[in-house]
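Chemist: My questions will all concern the structure given below.
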Amino acid sequence: MIASQLRSMWLVFRHLFRRNATVQYPEEKPYLAPRYRGRIVLTRDPDGEERCVACNLCAAACPPDCIALQKTEDEDGRWRPAWFRINFSRCIMCGLCEDACPTYAIQLTPDFEMCEYDRQNMVYEKEDLLISGPGKYHDYSFYRIAGKAVAGKKKGEAEQESKPVEIKSLNL
Amino acid sequence: MPTITIDGKNYQAEEQENLLSVCLTAGINLPYFCWHPAMGSVGACRQCAVIEYKNTDDKHGRLVMSCMTQVREGGIYSVDATRARQFRGGIIENLMTNHPHDCPVCEEGGECHLQDMTEMSGHTMRRFRGRKRTHRNQYLGPFINHEMNRCIACYRCTRFYRDYAGGTDLQPLARNNQVYFGRHEDGLLENGFSGNLVEVCPTGVFTDKTFSKHFVRKWDLQSAPSVCEHCAVGCNTAPGARAPGNGKDPILRRVVNLYNRDINGYFLCDRGRFGYDYVNSEKRIKNVLVACEKNIISSTAAPGERIHGEIHPEPAVKHLARHLAEVQQGRRRLIGIGSPRSSLENNFALRELVGKNNFFSGLSARDLQLLQLVDRTQRDARIHCPTTPEIESADAILILGEDIDNTAPRVALAVRQAARNRQKRQAQQLQIPLWQDASVRQLRVEASPIFFIGLEKPRLADITSATLLGTPEQTALFADSIAQLILGDDTGARKLAPDCRAQVEQVANTLRQAENPLIISGCGSRSSDIIHCAGKIAATLADTSSSPCSLYLACPEVNSLGLTQFFPAGEGDLEQLAHTLEIHSGTPCTLIVLENDLYRRADRHTVERIFNSADAVILIDTLLNNTARHADLIFPAAATAESQGTYINSQGTAQRFYAVCEGASYIQESWRWLVDAANFCKQKSPQLATIAAWRHSMDLSEALAANFHQFEVLEKIGPDENYRLNGLKIARQSHRYSGRTALGAKAQVAELPPHPDPDAPMTFSMEGIQSPAMTPLSAHIWSPGWNSNQSIIKFQQEINGHRLGVRGSVPIRRQPQPLPEWQLAASVPAKTSKTLTAVPLYRLFGSGELSVGAAAIASVTDIPFAQISREDAQRLDVTAGDIGQLQLGGESHTVEIRISDAQPPGTVGVPSGLPGLETLAALLPAPAQLERRSDREPGETP
Amino acid sequence: MTVPIWITLLNIFGILAAAVLLAALLTWGERRLLGLWQDRPGPNRVGPFGLLQVVADMIKLFFKEDFVPRFADVPVFILAPAVVMATMLLSFAVLPISPTIGVIDLNIGLLFILAMSSMAVYSVILGGYASNNKYALLGGLRAAAQTVSYEVFMGLSLMGVVMLSGSFNLREIVSAQQDGWYLLPQFIGFVVFFIAGIAESHRLPFDLPEAEHELTAGFHTEYSGMKFGIFFVGEYLSVILISALITTLFLGGWLGPWLPPLVWFSLKTAFLVLLFILLRAALPRPRYDQLMQFGWKVMLPLSLLNLLVTAGALLWIG
């Protein structure tokens with residue numbers, strides 16, 4: 001028993017001569033992987049349209065319930081969030097919203113430096129969240145695949161779709 | 001009861017039941033699509049396949065469709081067998097080959113039976129590499145959205161729409177893989193039950209368009225058991241609400257059916273389903289309004305009408321309190337006008353505040369008498385008020401002068417089912433179980449006898465054996481002769497025209513022979529004779545068969561029958577009020593109008609007499625209306641979905657509804673305004689002190705129970721606010737409710753505790769009991785793996801049985817009284833060349849006072865019209881589509897003239913309560929004049 | 001021999017200042033060392049090497065609200081931290097730091113220190129009691145029981161040294177080690193005293209009176225601001241005191257070749273302080289019953305045995 005205590009003391013003592021595991025933030029910045037789970041953004045599809053279709057799955061997946069949004073349907077037939085809010089003062093950066101998102105709209109970025117003196121400023125609205133690029137997924141566009149007709153893509157024009165059935169013809 | 005074995009476990013099954021129902025009742029998760037508890041099986045989707053074994057030695061078994069398999073004694077089945085699972089997986093994979101990959105933008109997502117069943121069958125990856133079949137969508141009106149690509153061709157929509165609800169304009173088109181469910185062309189679905197397609201469709205082909213306008217997922221809606229306020233049937237609903245995140249979105253988002261075996265079962269009418277939106281209407285009163293004295297440049301207000309501005313509630317309540325104080329000092333009179341569309345509790349609170357002699361019904365003498373007659377008739381021991389399942393099982397039905405399609409639509413749907421009773425009996429004789437829907441429907445049997453005698457050709461006409469159209473007077477005459485014929489006296493019948501006489505005799509014979517006859521009538525015709533006759537027929541039938549006869553008397557509004565209980569015969573009508581006010585014109589008088597638009601209740605003259613004799617008019621209401629124009633002070637009242645209370649439906653059933661959400665701004669229950677005012681009074685009489693002490697809605701219910709023996713049941717129809725289940729309240733929000741910490745974060749990042757509910761043992765949060773299995777107070781119908789409303793089967797005592805924890809409906813306890821003595825007075829209405837008799841017509845969309853406030857319903861509401869017979873049209877020299885001027889009760893209205901062959905000559909059908917003609921509602925039937933407007937300008941519409 | 005008054009005063013205030021300053025500095029030193037042992041730099045932001053961290057902490061503690069809970073026993077609550085500071089500083093009076101440095105040369109120096117360290121436990125008990133908080137009270141109770149138990153063989157373990165040197169005077173004990181440190185003949189005594197010393201100063205692994213994971217912060221749960229700071233400094237004072245005492249009793253005090261006595265004393269003390277900190281970094285805290293069992297069933301017999309053997313050996317040698 002005594003030997004083990006002495007050994008652990010020796011082991012700890014040897015750490016005096018090890019390199020530090022930490023870096024001197026903020027002078028030195030650590031490397032953050034592109035898939036680091038930091039500040040959340042809303043991305044756009046390759047055509048520059050909002051990717052978010054306001055399906056509410058991120059909000060449902062969110063453990064601290066810090067995402068809320070309201071669906072609206074625009075003239076072009078696309079679903080969009082009328083407003084989209086993340087309360088970052090509650091967010092735990094778990095990334096479940098990103099996992100839940102069926103359209104790659106919501107993505108986490110390697111940015112964690114978002115301190116504020118006023119908690120109210122941690123509430124991000126859609127204007128604060130929406131970026132102009134596609135984020136980590138460059139080619140995906142939900143409406144090219146989904147069967148819902150939107151402006152510029154009629155029924156039967158999505159991927160893997162055949163022309164709409166003419167129900168009044170014999171369709172032989 | 002056969003004992004069967006499923007996967008090695010023994011179950012008791014109902015005789016003749018199908019295996020799918022047995023499995024579901026036993027709690028076994030077995031996927032299905034085409035089966036529906038109310039519509040039986042057709043075996044179309046092949047999704048519920050199980051293995052059936054011949055005997056214990058049979059190890060291989062054979063695949064059967066459980067919905068088409070009748071359980072047999074000692075039957076051995078397997079749901080879990082690999083072969084059955086693989087088969088079901090294959091079926092779902094096939095169904096999904098054309099599915100459009102659009103769940104995120106589908107309103108059904110999250111409560112989709114297809115999602116649930118796909119998950120249950122274990123199909124997760126699309127392996128099919130071919131192309132998807134696609135369809136173009138149709139415009140189906142402002143209620144229903146159509147997205148055909150999502151269809152899995154289960155045929156439930158057309159089975160409901162055509163077979164169950166009697167619609168004709170939705171049909172399966174094209175063939176095999178290309179089958180299309182739609183109309184022959186774009187347009188509004190005509191049937192008044194089209195909204196049920198939203199719930200019947202297992203996927204997102206038919207979705208609620210009004211809900212989509214302010215869409216949130218099912219799990220984000222908070223809900224509580226409520227009662228539909230748009231007619232007197234009293235269907236149970238589960239309105240869904242969610243707080244706005246930006247201060248602008250509406251609060252109440254949708255209404256779905258809440259299963260109640262005795263009233264609405266699985267279906268609601270479209271007025272009930274889509275009428276909720278009045279709560280979010282622009283006309284909604286959200287703040288306290290006070291009449292302004294300010295001079296403004298111009299306004300649309302007519303002389304005598306007031307212009308209102310918002311005011312903080314405190315001075316307004318204090319103002320009312322000052323009036324109360326003056327009343328106590330004897331310097332002021334206080335008059336209260338109740339409402340048939342407000343809860344018992346609200347009416348009672350006003351009655352207690354003003355005193356019973358100063359409380360008036362807010363109905364015209366005629367309407368109140370009609371209701372009192374309904375009440376009196378229902379008190380007869382020989383009369384039985386049937387539940388919906390009882391209506392559905394009636395073997396002969398006589399509808400007397402009530403347009404139930406439009407005044408009690410859910411009852412009409414039940415009547416439609418009753419038409420199949422002969423067919424069902426035949427099936428039973430042929431040993432075909434009733435759930436074999438297609439087989440039963442194929443039986444060529446005469447429809448069950450359903451007779452309609454009334455004014456307008458009903459939508460039910462396609463199933464009625466005979467339809468006799470006539471004025472209310474004629475209807476009463478027919479009915480009276482039927483009653484006589486049942487007794488064997490044909491003096492009345494002999495006076496009728498020969499063809500009518502034959503029909504009347506047929507009706508009388510059929511009713512006399514029926515085992516389970518049902519008479520349906522109501523206040524719709526505004527004729528006490530018809531109600532008397534209906535009562536007489538029912539009583540006579542009961543006398544001959546020596547068991548009570550079913551009689552359904554439809555009341556006009558959700559709490560009509562409840563309001564009636566406050567007034568002894570001959571008291572409490574508006575004419576009487578006008579009279580008393582003029583007698584006591586010396587003392588100043590404050591008039592409190594509770595959720596009532598008097599202009600819809602009585603003629604303009606009477607209403608103006610009342611308003612002129614009162615020096616202060618205080619209105620508590622939900623929507624701005626004509627009465628609001630004359631009010632000095634307007635308090636915002638909570639709508640049904642925002643409040644708790646009790647309604648008495650046409651059957652005399654007391655039903656409590658619970659607040660689903662809290663009203664916006666300063667909205668609160670009407671009785672709370674009165675209690676607030678009582679609290680501001682410094683000196684309180686004992687009566688006022690009692691009122692001031694009310695804190696919970698249940699305090700009023702208990703006081704009602706103590707004061708009225710009819711309402712003793714109010715203490716029993718639901719627990720009070722102190723009720724706890726395992727020490728917990730019942731949660732209004734689901735366990736998946738999202739955005740809790742973000743929804744209100746824009747306004748304030750600090751999270752405030754949820755508001756407490758003083759009235760119900762429920763929380764406005766996720767905390768508490770969330771399982772509908774534990775209490776019927778939970779309206780969030782959800783079970784693990786069953787996200788759609790199909791999960792209701794998990795919370796029934798048996799398939800199509802009562803909900804768990806529900807014993808049955810609770811009628812109010814009325815003193816039995818025999819029917820009054822009555823003889824039909826023979827009277828022939830005097831006819832002049834230009835005078836017609838205006839009779840009320842009812843419209844599903846338009847006649848409801850509140851539902852027309854819903855934007856979608858308003859968009860399909862008819863323009864003001866008047867309907868006359870072809871004969872009268874020729875005489876008046878008008879053609880259909882002409883713009884006419886309708887003179888009625890001193891008022892003149894511009895209407896479109898319509899011509900109908902069914903309209904009895906000498907009458908003009910005027911839509912009751914239709915926007916634009918609201919003020920005529922109270923006057924019908926009455927003499928009227930119609931003439932073509934000569935100064936019609938091209939393109940002008942009324 | 002009389003010394004000028006100014007030298008006495010210099011001794012008094014020099015030792016006082018050095019003790020307090022060193023204790024304060026130790027708060028930085030310990031964190032820095034712990035940091036290094038945990039592969040991180042530790043406090044290094046304020047001043048060179050983070051040395052001014054102490055100042056920053058002090059400023060912080062001074063400007064914090066001097067909060068006294070309304071349910072506390074106020075006079076006792078305020079008195080408690082003062083007691084620990086006073087007793088610890090008084091103990092330094094009898095420590096001989098070098099032949100010329102030292103405040104007072106008491107005949108019963110060793111007994112005085114033992115008495116003072118026993119007094120120190122009052123501060124913990126009183127602090128725990130006056131806080132009127134269940135965690136604090138439990139911490140106080142533990143401190144009482146722990147101190148009472150470990151005090152017994154703490155004293156006994158020193159009796160060997162006293163026997164060998166034949167004196168309670170610390171200077172004489174140091175002088176008696178001219179021929180060899182007592183570390184070797186009194187190795188058991190050294191070990192026992194070292195362990196008892198840890199327990200006396202409530203240092204890890206024997207910091208059960210303030211065990212964070214079970215008692216929040218133990219006896220000083222309710223303390224904040226400078227009152228907490230005094231408890232904190234008191235603890236480091238006692239670390240220095242025990243180290244200095246071990247140096248004096250077992251490691252030959254200021255004795256040593258080549259270097260001046262003060263340096264030797266400081267080096268030895270510093271080494272022991274380092275050992276204290278290393279113990280904290282490396283060893284987990286025992287359960288309370290284990291602590292008591294260890295004290296009564298291992299340490300007490302061991303120190304008695306040590307006493308017996310020492311006495312026997314002395315008798316043998318004559």
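By convention in this document, the chains of the structure tokens carry letters A, B, ... by their order, each chain's residues are numbered from 1, and ligands are numbered from 1 in the order they are shown.
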Can you tell me which residues surround A:Pro110 at a distance of at most 8 Å, considering only C-alpha atoms, apart from same-chain residues fewer than 6 positions away, and format the answer as an mmCIF file with N, CA, C and O atoms, in the first residue's frame?
Modeler:
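Once everything was written out, this is out_32.cif:
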data_model
loop_
_atom_site.group_PDB
_atom_site.id
_atom_site.type_symbol
_atom_site.label_atom_id
_atom_site.label_comp_id
_atom_site.auth_asym_id
_atom_site.auth_seq_id
_atom_site.Cartn_x
_atom_site.Cartn_y
_atom_site.Cartn_z
ATOM 1 N N LEU A 32 -8.759 23.773 -34.452
ATOM 2 C CA LEU A 32 -10.118 23.250 -34.347
ATOM 3 C C LEU A 32 -10.478 22.565 -35.652
ATOM 4 O O LEU A 32 -10.324 23.157 -36.722
ATOM 5 N N ALA A 33 -10.942 21.349 -35.546
ATOM 6 C CA ALA A 33 -11.300 20.597 -36.739
ATOM 7 C C ALA A 33 -12.483 21.259 -37.433
ATOM 8 O O ALA A 33 -13.279 21.935 -36.779
ATOM 9 N N PRO A 34 -12.626 21.071 -38.729
ATOM 10 C CA PRO A 34 -13.757 21.700 -39.432
ATOM 11 C C PRO A 34 -15.095 21.246 -38.867
ATOM 12 O O PRO A 34 -16.084 21.957 -38.965
ATOM 13 N N ARG A 35 -15.129 20.056 -38.286
ATOM 14 C CA ARG A 35 -16.385 19.573 -37.726
ATOM 15 C C ARG A 35 -16.492 19.841 -36.240
ATOM 16 O O ARG A 35 -17.292 19.222 -35.545
ATOM 17 N N TYR A 36 -15.671 20.755 -35.765
ATOM 18 C CA TYR A 36 -15.779 21.151 -34.368
ATOM 19 C C TYR A 36 -17.188 21.689 -34.118
ATOM 20 O O TYR A 36 -17.796 22.298 -34.985
ATOM 21 N N ARG A 37 -17.713 21.422 -32.936
ATOM 22 C CA ARG A 37 -19.094 21.845 -32.664
ATOM 23 C C ARG A 37 -19.102 23.174 -31.931
ATOM 24 O O ARG A 37 -19.034 23.226 -30.711
ATOM 25 N N GLY A 38 -19.167 24.242 -32.708
ATOM 26 C CA GLY A 38 -19.233 25.579 -32.124
ATOM 27 C C GLY A 38 -20.479 26.299 -32.594
ATOM 28 O O GLY A 38 -21.501 25.676 -32.861
ATOM 29 N N ARG A 39 -20.355 27.585 -32.748
ATOM 30 C CA ARG A 39 -21.488 28.441 -33.113
ATOM 31 C C ARG A 39 -22.287 27.861 -34.276
ATOM 32 O O ARG A 39 -21.735 27.405 -35.270
#
Chemist: Counting only C-alpha atoms, which residues in chain C sit no more than 7 Å from chain A? For each one, give the nearest pair of atoms and the distance in Å, sorted by chain then residue number, as a Markdown table.
Modeler:
| residue | atom | partner | partner_atom | distance |
| --- | --- | --- | --- | --- |
| C:Leu36 | CA | A:Leu16 | CA | 5.4 |
| C:Trp37 | CA | A:His15 | CA | 4.8 |
| C:Gln38 | CA | A:His15 | CA | 6.9 |
| C:Asp39 | CA | A:Asn20 | CA | 4.4 |
| C:Arg40 | CA | A:Asn20 | CA | 4.8 |
| C:Pro41 | CA | A:Asn20 | CA | 6.7 |
| C:Leu278 | CA | A:Met9 | CA | 6.6 |
| C:Leu279 | CA | A:Met9 | CA | 6.7 |
| C:Ala282 | CA | A:Met9 | CA | 5.1 |
| C:Leu283 | CA | A:Gln5 | CA | 6.9 |
Chemist: Can you work out the spacing between atom CA of B:Gly355 and atom CA of B:Gln687 in Å, to one decimal?
Modeler: 9.0 Å
Chemist: Would you kindly report the residues of chain B within 10 Å of chain A, using only C-alpha atoms, as a compact mmCIF listing (two decimals) with N, CA, C and O atoms, in the first residue's frame?
Modeler:
# COMPACT_ATOMS: atom_id res chain seq x y z
N ASN B 98 -42.65 5.05 -54.40
CA ASN B 98 -43.04 6.31 -55.04
C ASN B 98 -43.15 7.47 -54.07
O ASN B 98 -43.57 8.55 -54.44
N HIS B 99 -42.79 7.23 -52.84
CA HIS B 99 -42.97 8.30 -51.84
C HIS B 99 -41.96 9.41 -52.10
O HIS B 99 -40.81 9.15 -52.37
N PRO B 100 -42.38 10.65 -52.00
CA PRO B 100 -41.57 11.74 -52.58
C PRO B 100 -40.45 12.29 -51.71
O PRO B 100 -39.90 13.33 -52.05
N HIS B 101 -40.08 11.68 -50.60
CA HIS B 101 -38.92 12.15 -49.85
C HIS B 101 -39.12 13.61 -49.40
O HIS B 101 -38.23 14.44 -49.49
N ASP B 102 -40.32 13.91 -48.93
CA ASP B 102 -40.54 15.31 -48.54
C ASP B 102 -41.12 15.46 -47.14
O ASP B 102 -41.78 16.43 -46.84
N CYS B 103 -40.85 14.47 -46.28
CA CYS B 103 -41.35 14.56 -44.90
C CYS B 103 -41.05 15.91 -44.24
O CYS B 103 -41.89 16.43 -43.52
N PRO B 104 -39.86 16.48 -44.43
CA PRO B 104 -39.60 17.74 -43.73
C PRO B 104 -40.56 18.85 -44.13
O PRO B 104 -40.82 19.75 -43.35
N VAL B 105 -41.07 18.81 -45.37
CA VAL B 105 -41.99 19.87 -45.79
C VAL B 105 -43.41 19.33 -45.90
O VAL B 105 -44.22 19.81 -46.69
N CYS B 106 -43.72 18.34 -45.09
CA CYS B 106 -45.05 17.76 -45.09
C CYS B 106 -45.70 18.06 -43.76
O CYS B 106 -45.10 17.85 -42.71
N GLU B 107 -46.93 18.55 -43.80
CA GLU B 107 -47.64 18.90 -42.57
C GLU B 107 -47.95 17.68 -41.73
O GLU B 107 -48.21 17.78 -40.54
N GLY B 109 -45.89 15.20 -41.24
CA GLY B 109 -44.67 14.70 -40.62
C GLY B 109 -44.73 14.85 -39.10
O GLY B 109 -45.02 15.91 -38.59
N GLY B 110 -44.43 13.77 -38.41
CA GLY B 110 -44.48 13.81 -36.95
C GLY B 110 -45.77 13.28 -36.41
O GLY B 110 -45.86 12.96 -35.22
N ARG B 129 -34.30 1.43 -57.35
CA ARG B 129 -33.50 2.38 -58.13
C ARG B 129 -34.31 3.01 -59.26
O ARG B 129 -33.80 3.83 -60.00
N GLY B 130 -35.54 2.57 -59.43
CA GLY B 130 -36.34 3.09 -60.54
C GLY B 130 -36.85 4.49 -60.28
O GLY B 130 -36.53 5.11 -59.26
N ARG B 131 -37.62 4.98 -61.22
CA ARG B 131 -38.15 6.34 -61.08
C ARG B 131 -39.44 6.32 -60.27
O ARG B 131 -40.14 5.33 -60.23
N LYS B 132 -39.73 7.48 -59.68
CA LYS B 132 -40.95 7.60 -58.88
C LYS B 132 -42.09 8.08 -59.77
O LYS B 132 -41.92 9.02 -60.54
N ARG B 133 -43.23 7.44 -59.58
CA ARG B 133 -44.43 7.92 -60.24
C ARG B 133 -44.83 9.25 -59.60
O ARG B 133 -44.72 9.41 -58.37
N THR B 134 -45.22 10.21 -60.41
CA THR B 134 -45.63 11.49 -59.82
C THR B 134 -47.02 11.88 -60.30
O THR B 134 -47.52 11.37 -61.31
N HIS B 135 -47.63 12.77 -59.54
CA HIS B 135 -48.97 13.27 -59.87
C HIS B 135 -48.98 14.77 -59.73
O HIS B 135 -48.19 15.34 -58.98
N ARG B 136 -49.93 15.40 -60.42
CA ARG B 136 -50.15 16.83 -60.18
C ARG B 136 -51.21 16.96 -59.10
O ARG B 136 -52.11 16.14 -59.01
N ASN B 137 -51.09 18.02 -58.32
CA ASN B 137 -52.05 18.22 -57.23
C ASN B 137 -53.25 19.00 -57.71
O ASN B 137 -53.23 19.62 -58.76
N GLU B 147 -51.63 16.76 -51.87
CA GLU B 147 -50.25 16.46 -52.30
C GLU B 147 -50.24 14.99 -52.69
O GLU B 147 -49.92 14.10 -51.89
N MET B 148 -50.64 14.73 -53.93
CA MET B 148 -50.93 13.36 -54.36
C MET B 148 -49.72 12.43 -54.35
O MET B 148 -49.85 11.22 -54.22
N ASN B 149 -48.52 12.99 -54.49
CA ASN B 149 -47.35 12.12 -54.56
C ASN B 149 -47.18 11.27 -53.32
O ASN B 149 -46.51 10.25 -53.34
N ARG B 150 -47.74 11.74 -52.22
CA ARG B 150 -47.52 11.01 -50.97
C ARG B 150 -48.45 9.81 -50.83
O ARG B 150 -48.39 9.08 -49.87
N LEU B 173 -59.30 7.88 -59.41
CA LEU B 173 -59.23 8.01 -60.85
C LEU B 173 -58.03 7.22 -61.36
O LEU B 173 -57.16 6.85 -60.59
N ALA B 174 -57.97 7.00 -62.66
CA ALA B 174 -56.90 6.24 -63.31
C ALA B 174 -56.84 4.83 -62.71
O ALA B 174 -57.79 4.37 -62.08
N ARG B 175 -55.73 4.15 -62.93
CA ARG B 175 -55.76 2.74 -62.56
C ARG B 175 -54.37 2.30 -62.07
O ARG B 175 -53.39 3.01 -62.19
N ASN B 177 -50.96 1.39 -60.74
CA ASN B 177 -49.95 2.18 -60.05
C ASN B 177 -50.21 3.68 -60.15
O ASN B 177 -49.63 4.46 -59.43
N GLN B 178 -51.09 4.04 -61.08
CA GLN B 178 -51.28 5.47 -61.31
C GLN B 178 -52.54 6.01 -60.66
O GLN B 178 -52.95 7.12 -60.93
N VAL B 179 -53.13 5.22 -59.80
CA VAL B 179 -54.43 5.62 -59.25
C VAL B 179 -54.30 6.97 -58.54
O VAL B 179 -53.30 7.28 -57.91
N TYR B 180 -55.34 7.76 -58.75
CA TYR B 180 -55.31 9.16 -58.32
C TYR B 180 -56.58 9.45 -57.53
O TYR B 180 -57.68 9.11 -57.96
N HIS B 184 -62.99 15.69 -60.16
CA HIS B 184 -62.90 15.70 -61.60
C HIS B 184 -62.24 16.99 -62.09
O HIS B 184 -61.71 17.05 -63.18
N SER B 212 -51.67 24.74 -41.79
CA SER B 212 -50.40 24.97 -42.47
C SER B 212 -50.02 26.44 -42.48
O SER B 212 -48.85 26.79 -42.53
N LYS B 213 -51.01 27.32 -42.42
CA LYS B 213 -50.73 28.76 -42.44
C LYS B 213 -49.99 29.20 -41.18
O LYS B 213 -49.29 30.20 -41.19
N HIS B 214 -50.21 28.48 -40.10
CA HIS B 214 -49.45 28.80 -38.87
C HIS B 214 -48.99 27.49 -38.25
O HIS B 214 -49.32 27.18 -37.12
N PHE B 215 -48.24 26.77 -39.07
CA PHE B 215 -47.94 25.38 -38.77
C PHE B 215 -46.90 25.23 -37.66
O PHE B 215 -45.93 25.96 -37.58
N VAL B 216 -47.15 24.28 -36.81
CA VAL B 216 -46.10 23.73 -35.96
C VAL B 216 -46.34 22.22 -35.89
O VAL B 216 -47.42 21.75 -36.22
N ARG B 217 -45.33 21.48 -35.46
CA ARG B 217 -45.50 20.03 -35.41
C ARG B 217 -46.41 19.65 -34.26
O ARG B 217 -46.56 20.39 -33.29
N TRP B 219 -46.05 17.70 -31.80
CA TRP B 219 -45.48 17.67 -30.46
C TRP B 219 -45.30 19.06 -29.87
O TRP B 219 -45.04 19.20 -28.69
N ASP B 220 -45.38 20.09 -30.70
CA ASP B 220 -45.21 21.44 -30.21
C ASP B 220 -46.52 22.11 -29.82
O ASP B 220 -46.54 23.28 -29.46
N PRO B 244 -46.96 32.49 -29.54
CA PRO B 244 -46.24 33.08 -30.66
C PRO B 244 -44.82 33.38 -30.24
O PRO B 244 -44.55 33.72 -29.10
N GLY B 245 -43.89 33.22 -31.18
CA GLY B 245 -42.50 33.49 -30.85
C GLY B 245 -42.08 34.89 -31.23
O GLY B 245 -41.05 35.38 -30.83
N ASN B 246 -42.93 35.55 -32.02
CA ASN B 246 -42.56 36.89 -32.47
C ASN B 246 -43.65 37.89 -32.15
O ASN B 246 -43.66 38.98 -32.67
N ASP B 249 -47.63 35.64 -34.50
CA ASP B 249 -48.31 34.41 -34.92
C ASP B 249 -49.56 34.20 -34.09
O ASP B 249 -49.63 34.62 -32.95
N ARG B 736 -42.32 16.02 -25.86
CA ARG B 736 -41.35 16.46 -26.85
C ARG B 736 -41.46 17.94 -27.16
O ARG B 736 -40.84 18.43 -28.09
N TYR B 737 -42.25 18.64 -26.41
CA TYR B 737 -42.47 20.07 -26.67
C TYR B 737 -41.13 20.78 -26.80
O TYR B 737 -40.27 20.66 -25.92
N SER B 738 -40.95 21.51 -27.86
CA SER B 738 -39.63 22.09 -28.13
C SER B 738 -39.64 23.60 -27.95
O SER B 738 -40.68 24.21 -27.83
N GLY B 739 -38.44 24.14 -27.94
CA GLY B 739 -38.30 25.60 -27.93
C GLY B 739 -38.63 26.26 -26.61
O GLY B 739 -38.86 27.46 -26.56
N ARG B 740 -38.63 25.48 -25.55
CA ARG B 740 -39.02 26.01 -24.24
C ARG B 740 -38.16 27.20 -23.84
O ARG B 740 -38.66 28.18 -23.29
N THR B 741 -36.86 27.11 -24.14
CA THR B 741 -35.97 28.19 -23.70
C THR B 741 -35.70 29.20 -24.80
O THR B 741 -34.86 30.07 -24.63
N ALA B 742 -36.38 29.05 -25.93
CA ALA B 742 -36.11 29.98 -27.03
C ALA B 742 -37.35 30.75 -27.46
O ALA B 742 -37.25 31.85 -27.98
N LEU B 743 -38.51 30.16 -27.23
CA LEU B 743 -39.74 30.73 -27.77
C LEU B 743 -39.94 32.17 -27.30
O LEU B 743 -40.25 33.05 -28.09
N GLY B 744 -39.72 32.40 -26.02
CA GLY B 744 -39.93 33.75 -25.51
C GLY B 744 -38.64 34.52 -25.33
O GLY B 744 -38.62 35.58 -24.72
N ALA B 745 -37.53 33.97 -25.86
CA ALA B 745 -36.23 34.55 -25.57
C ALA B 745 -36.01 35.89 -26.25
O ALA B 745 -35.18 36.68 -25.82
N LYS B 746 -36.73 36.13 -27.33
CA LYS B 746 -36.53 37.41 -28.01
C LYS B 746 -37.02 38.55 -27.13
O LYS B 746 -36.37 39.58 -27.00
N ALA B 747 -38.16 38.33 -26.51
CA ALA B 747 -38.70 39.36 -25.63
C ALA B 747 -37.86 39.45 -24.37
O ALA B 747 -37.54 40.54 -23.89
N GLN B 748 -37.50 38.31 -23.83
CA GLN B 748 -36.77 38.30 -22.57
C GLN B 748 -36.02 36.99 -22.46
O GLN B 748 -36.64 35.92 -22.50
N VAL B 749 -34.72 37.06 -22.32
CA VAL B 749 -33.93 35.84 -22.30
C VAL B 749 -34.12 35.10 -20.98
O VAL B 749 -34.00 33.88 -20.91
N ALA B 750 -34.44 35.81 -19.94
CA ALA B 750 -34.70 35.14 -18.66
C ALA B 750 -35.96 34.31 -18.79
O ALA B 750 -36.93 34.74 -19.42
Chemist: So what do you get for atom CA of C:Val152 versus atom CA of C:Asn306, distance-wise?
Modeler: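 Spanning atom CA of C:Val152 to atom CA of C:Asn306 is a straight-line distance of 13.8 Å.
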Chemist: Which is closer to C:Ala86 than all the others in C:Leu126, C:Phe63, C:Thr216, C:Gly234, using only C-alpha atoms?
Modeler: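 Result for the nearest residue to C:Ala86: C:Gly234.
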Chemist: Any idea what's packed within 9 Å of B:Cys201, counting only C-alpha atoms, ignoring anything in its chain fewer than 4 positions away? Could you give it as a list in words?
Modeler: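 Residues near the query, excluding close chain neighbours: Phe33, Cys112, His113, Cys151, Cys154, Tyr155, Arg156, Cys157, Asn196, Leu197, Val205, Phe206 and Thr207 of chain B.
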